Protein chains: 2
Amino acid sequence: LRYILYYWPGIQGRGEFVRLALEEAGAEYVDIVYEPEEKGGGEQAIMAFLEGEDVARPPFAPPFLKAGRQVIGQTANILLFLGARHGLAPRDAAGRLWVNQLQLTIADLVAEAHDTHHPVGSSLYYEDQKKEAKRKAKDFRANRIPKFLGYFERVIERNGARTPWMVGTKLTYADLSMAQVIAGLRYAFPATTRNALRSRPRLRRLHDAVFARPRIARYVKSGRRIAFNNDGIFRHYPELGD
Amino acid sequence: LRYILYYWPGIQGRGEFVRLALEEAGAEYVDIVYEPEEKGGGEQAIMAFLEGEDVARPPFAPPFLKAGRQVIGQTANILLFLGARHGLAPRDAAGRLWVNQLQLTIADLVAEAHDTHHPVGSSLYYEDQKKEAKRKAKDFRANRIPKFLGYFERVIERNGARTPWMVGTKLTYADLSMAQVIAGLRYAFPATTRNALRSRPRLRRLHDAVFARPRIARYVKSGRRIAFNNDGIFRHYPELGD
């Protein structure tokens, strides 16, 4: 089975959480937006699902994943599906719910990170909500980053394993997402994140362990991983603080 | 098995999505915050899980649900668990993922509704972010309510069933949550919502069908359902528009 990933071009965005799981699983997939239009690729492939009138179960927004005839949307939902299929989640039902719970908490953090530059609305330019963004980013740096990172550090600690992971002794998709969030926060707010991670050695270790996984390291080296930039979720605007 | 629900007092909040599922399922549960402190109730029962140093899998925030020895957090995750247990979700894996996907999209809408009065930060008073709230609410009313409600109307239409539901022919927990969101939006932005629902008869029908379910109707009548108010997620501030 070859998966087809539908996500906007030019940014890591929420699609990257799915890509990291696919890469770690060694799954075969196509990033449809980078395929030529004459082969059914490009943004119009995404729009066909968002606007098509015969899509039985339409997604609200990218990312979504085509797996055979199934179309699965919402990042955490895609990962729930992939995790069970590719050994990136525990086998027991309680463990799977716990990983899903962690992923949803990561999703909350990601949404707040996005809103630091778009507190008023995603349909408006950043330039038109700069003043509001300054206040939002200040609160995010002072209160939210420490609160979320403190929480996830505790999760690893309570797990009590010798491995670097949040759940049990094996890597899960929530670990991949956590590492990605740490990378994103370091890009967006380097000083704040460095500071917050100083007292959170388990999170630093988790991040390094994820990016040292052979398949993840190969993916990063391949040049296929888009660099962080100021069109994505994690943006670095000096005026929003460091 | 008697469930224990942990959620803040005095508001419907995110706890209400869990309550509606428990009520529709006819499940036995205790809303711990309303139990006397000397019987282990009150807010300290919640804090014990959030701050306790021996909680193996600590939740980040309420609501969370205790089911035997399992502690399950994140609204959509609790509903994923309850849906499977109480026949409030399809039996097939693809159907369950689809309901979870809808629930996560509802959660996105709920988060945006919350942010209309707290665009800068949840830790600040509304009064201290009123100016930002006005801009956020304007965008929410003009762009987001129509976009989300248009989407969910389409979902019911594409389902093509004679029943009022979003998935297949049976009620799911996503239908309960959708009805709750419609009730909330009507409270917060009555004119905008009335307007948006004028051309969305399927959503109006879904709302009415949910609140006509015998167990839901009994719950609403019981006086146990807290009224909407300006401490919750859906708030009515005239200055944010109607």
# chains A, B, ... in the order shown; residues from 1 in each chain; ligands from 1

$ select_by_dssp --residues "stretch 6-221 of chain B" --states "alpha helix (DSSP H)" --output "ChimeraX atom specification"
/B:15-25,43-51,75-85,93-115,130-139,145-159,173-188,190-198,201-211,214-221

$ residues_around --residues "A:Ser177" --least-positions-apart "4" --cutoff "9 Å" --atoms "only C-alpha atoms" --output "PyMOL selection string"
chain A and resi 16-18+20-21+103+106+173+181-182

$ interface_residues --of "chain B" --to "chain A" --cutoff "6 Å" --atoms "only C-alpha atoms" --output "PyMOL selection string"
chain B and resi 56+74+101+119-120+136+158

$ closest_atom_pairs --of "stretch 10-73 of chain A" --to "stretch 203-215 of chain A" --cutoff "9 Å" --atoms "only C-alpha atoms" --output "Markdown table"
| residue | atom | partner | partner_atom | distance |
| --- | --- | --- | --- | --- |
| A:Glu23 | CA | A:Arg215 | CA | 6.3 |
| A:Glu24 | CA | A:Arg215 | CA | 5.6 |
| A:Ala25 | CA | A:Arg215 | CA | 8.3 |
| A:Gly26 | CA | A:Arg215 | CA | 7.3 |

$ residues_around --residues "B:Glu35" --least-positions-apart "4" --cutoff "12 Å" --atoms "only C-alpha atoms" --output "number ranges by chain"
B: 4-7, 9, 29-31, 39-46

$ atom_distance --atom1 "atom CA of A:Arg14" --atom2 "atom CA of A:Trp165"
21.4 Å

$ residues_around --residues "A:His114" --least-positions-apart "3" --cutoff "9 Å" --atoms "only C-alpha atoms" --output "list in words"
Leu109, Val110, Ala111, His117, His118, Pro119, Gly232, Ile233, Phe234 and Arg235 of chain A

$ select_by_dssp --residues "stretch 6-239 of chain A" --states "strand (DSSP E or B)" --output "list in words"
Tyr6, Tyr29, Val30, Asp31, Phe64, Leu65, Lys66, Ala67, Gln70, Val71, Ile72 and Gly73 of chain A

$ decode --residues "stretch 200-227 of chain B" --atoms "N, CA and C atoms" --output "short mmCIF file (atom, residue, chain, number, x, y, z; two decimals), in the first residue's frame"
data_model
loop_
_atom_site.label_atom_id
_atom_site.label_comp_id
_atom_site.auth_asym_id
_atom_site.auth_seq_id
_atom_site.Cartn_x
_atom_site.Cartn_y
_atom_site.Cartn_z
N ARG B 200 -28.90 26.29 6.52
CA ARG B 200 -28.36 24.98 6.92
C ARG B 200 -29.38 24.19 7.72
N PRO B 201 -30.42 23.71 7.02
CA PRO B 201 -31.53 23.04 7.70
C PRO B 201 -31.11 21.73 8.36
N ARG B 202 -30.09 21.08 7.79
CA ARG B 202 -29.68 19.79 8.36
C ARG B 202 -29.05 19.96 9.73
N LEU B 203 -28.34 21.05 9.93
CA LEU B 203 -27.74 21.29 11.25
C LEU B 203 -28.83 21.64 12.28
N ARG B 204 -29.82 22.41 11.84
CA ARG B 204 -30.92 22.74 12.77
C ARG B 204 -31.64 21.46 13.18
N ARG B 205 -31.84 20.59 12.21
CA ARG B 205 -32.54 19.33 12.48
C ARG B 205 -31.71 18.44 13.42
N LEU B 206 -30.40 18.39 13.18
CA LEU B 206 -29.53 17.59 14.05
C LEU B 206 -29.62 18.11 15.49
N HIS B 207 -29.52 19.43 15.63
CA HIS B 207 -29.60 20.02 16.97
C HIS B 207 -30.90 19.62 17.67
N ASP B 208 -32.01 19.77 16.98
CA ASP B 208 -33.30 19.48 17.59
C ASP B 208 -33.44 17.99 17.92
N ALA B 209 -32.92 17.16 17.02
CA ALA B 209 -33.03 15.71 17.24
C ALA B 209 -32.21 15.28 18.45
N VAL B 210 -31.05 15.90 18.64
CA VAL B 210 -30.23 15.54 19.82
C VAL B 210 -30.95 15.94 21.11
N PHE B 211 -31.47 17.18 21.14
CA PHE B 211 -32.07 17.64 22.40
C PHE B 211 -33.47 17.04 22.62
N ALA B 212 -33.97 16.30 21.63
CA ALA B 212 -35.24 15.58 21.81
C ALA B 212 -35.01 14.13 22.24
N ARG B 213 -33.77 13.68 22.24
CA ARG B 213 -33.50 12.31 22.72
C ARG B 213 -33.99 12.21 24.16
N PRO B 214 -34.71 11.16 24.50
CA PRO B 214 -35.32 11.08 25.84
C PRO B 214 -34.33 11.32 26.98
N ARG B 215 -33.16 10.69 26.90
CA ARG B 215 -32.21 10.86 28.01
C ARG B 215 -31.60 12.26 28.06
N ILE B 216 -31.38 12.85 26.89
CA ILE B 216 -30.83 14.21 26.85
C ILE B 216 -31.90 15.19 27.35
N ALA B 217 -33.13 15.00 26.91
CA ALA B 217 -34.21 15.88 27.34
C ALA B 217 -34.39 15.80 28.86
N ARG B 218 -34.31 14.58 29.40
CA ARG B 218 -34.45 14.40 30.84
C ARG B 218 -33.29 15.08 31.58
N TYR B 219 -32.10 14.98 31.02
CA TYR B 219 -30.93 15.62 31.62
C TYR B 219 -31.09 17.15 31.65
N VAL B 220 -31.54 17.71 30.54
CA VAL B 220 -31.72 19.17 30.48
C VAL B 220 -32.78 19.62 31.49
N LYS B 221 -33.86 18.84 31.58
CA LYS B 221 -34.95 19.15 32.50
C LYS B 221 -34.56 18.99 33.97
N SER B 222 -33.59 18.13 34.23
CA SER B 222 -33.25 17.75 35.61
C SER B 222 -32.71 18.92 36.42
N GLY B 223 -32.27 19.98 35.72
CA GLY B 223 -31.63 21.08 36.43
C GLY B 223 -30.15 20.83 36.66
N ARG B 224 -29.66 19.66 36.28
CA ARG B 224 -28.24 19.38 36.47
C ARG B 224 -27.38 20.02 35.38
N ARG B 225 -27.99 20.28 34.25
CA ARG B 225 -27.22 20.96 33.19
C ARG B 225 -27.06 22.43 33.58
N ILE B 226 -25.82 22.87 33.71
CA ILE B 226 -25.52 24.24 34.07
C ILE B 226 -25.92 25.13 32.89
N ALA B 227 -26.46 26.29 33.18
CA ALA B 227 -26.83 27.22 32.09
C ALA B 227 -25.57 27.83 31.48
#
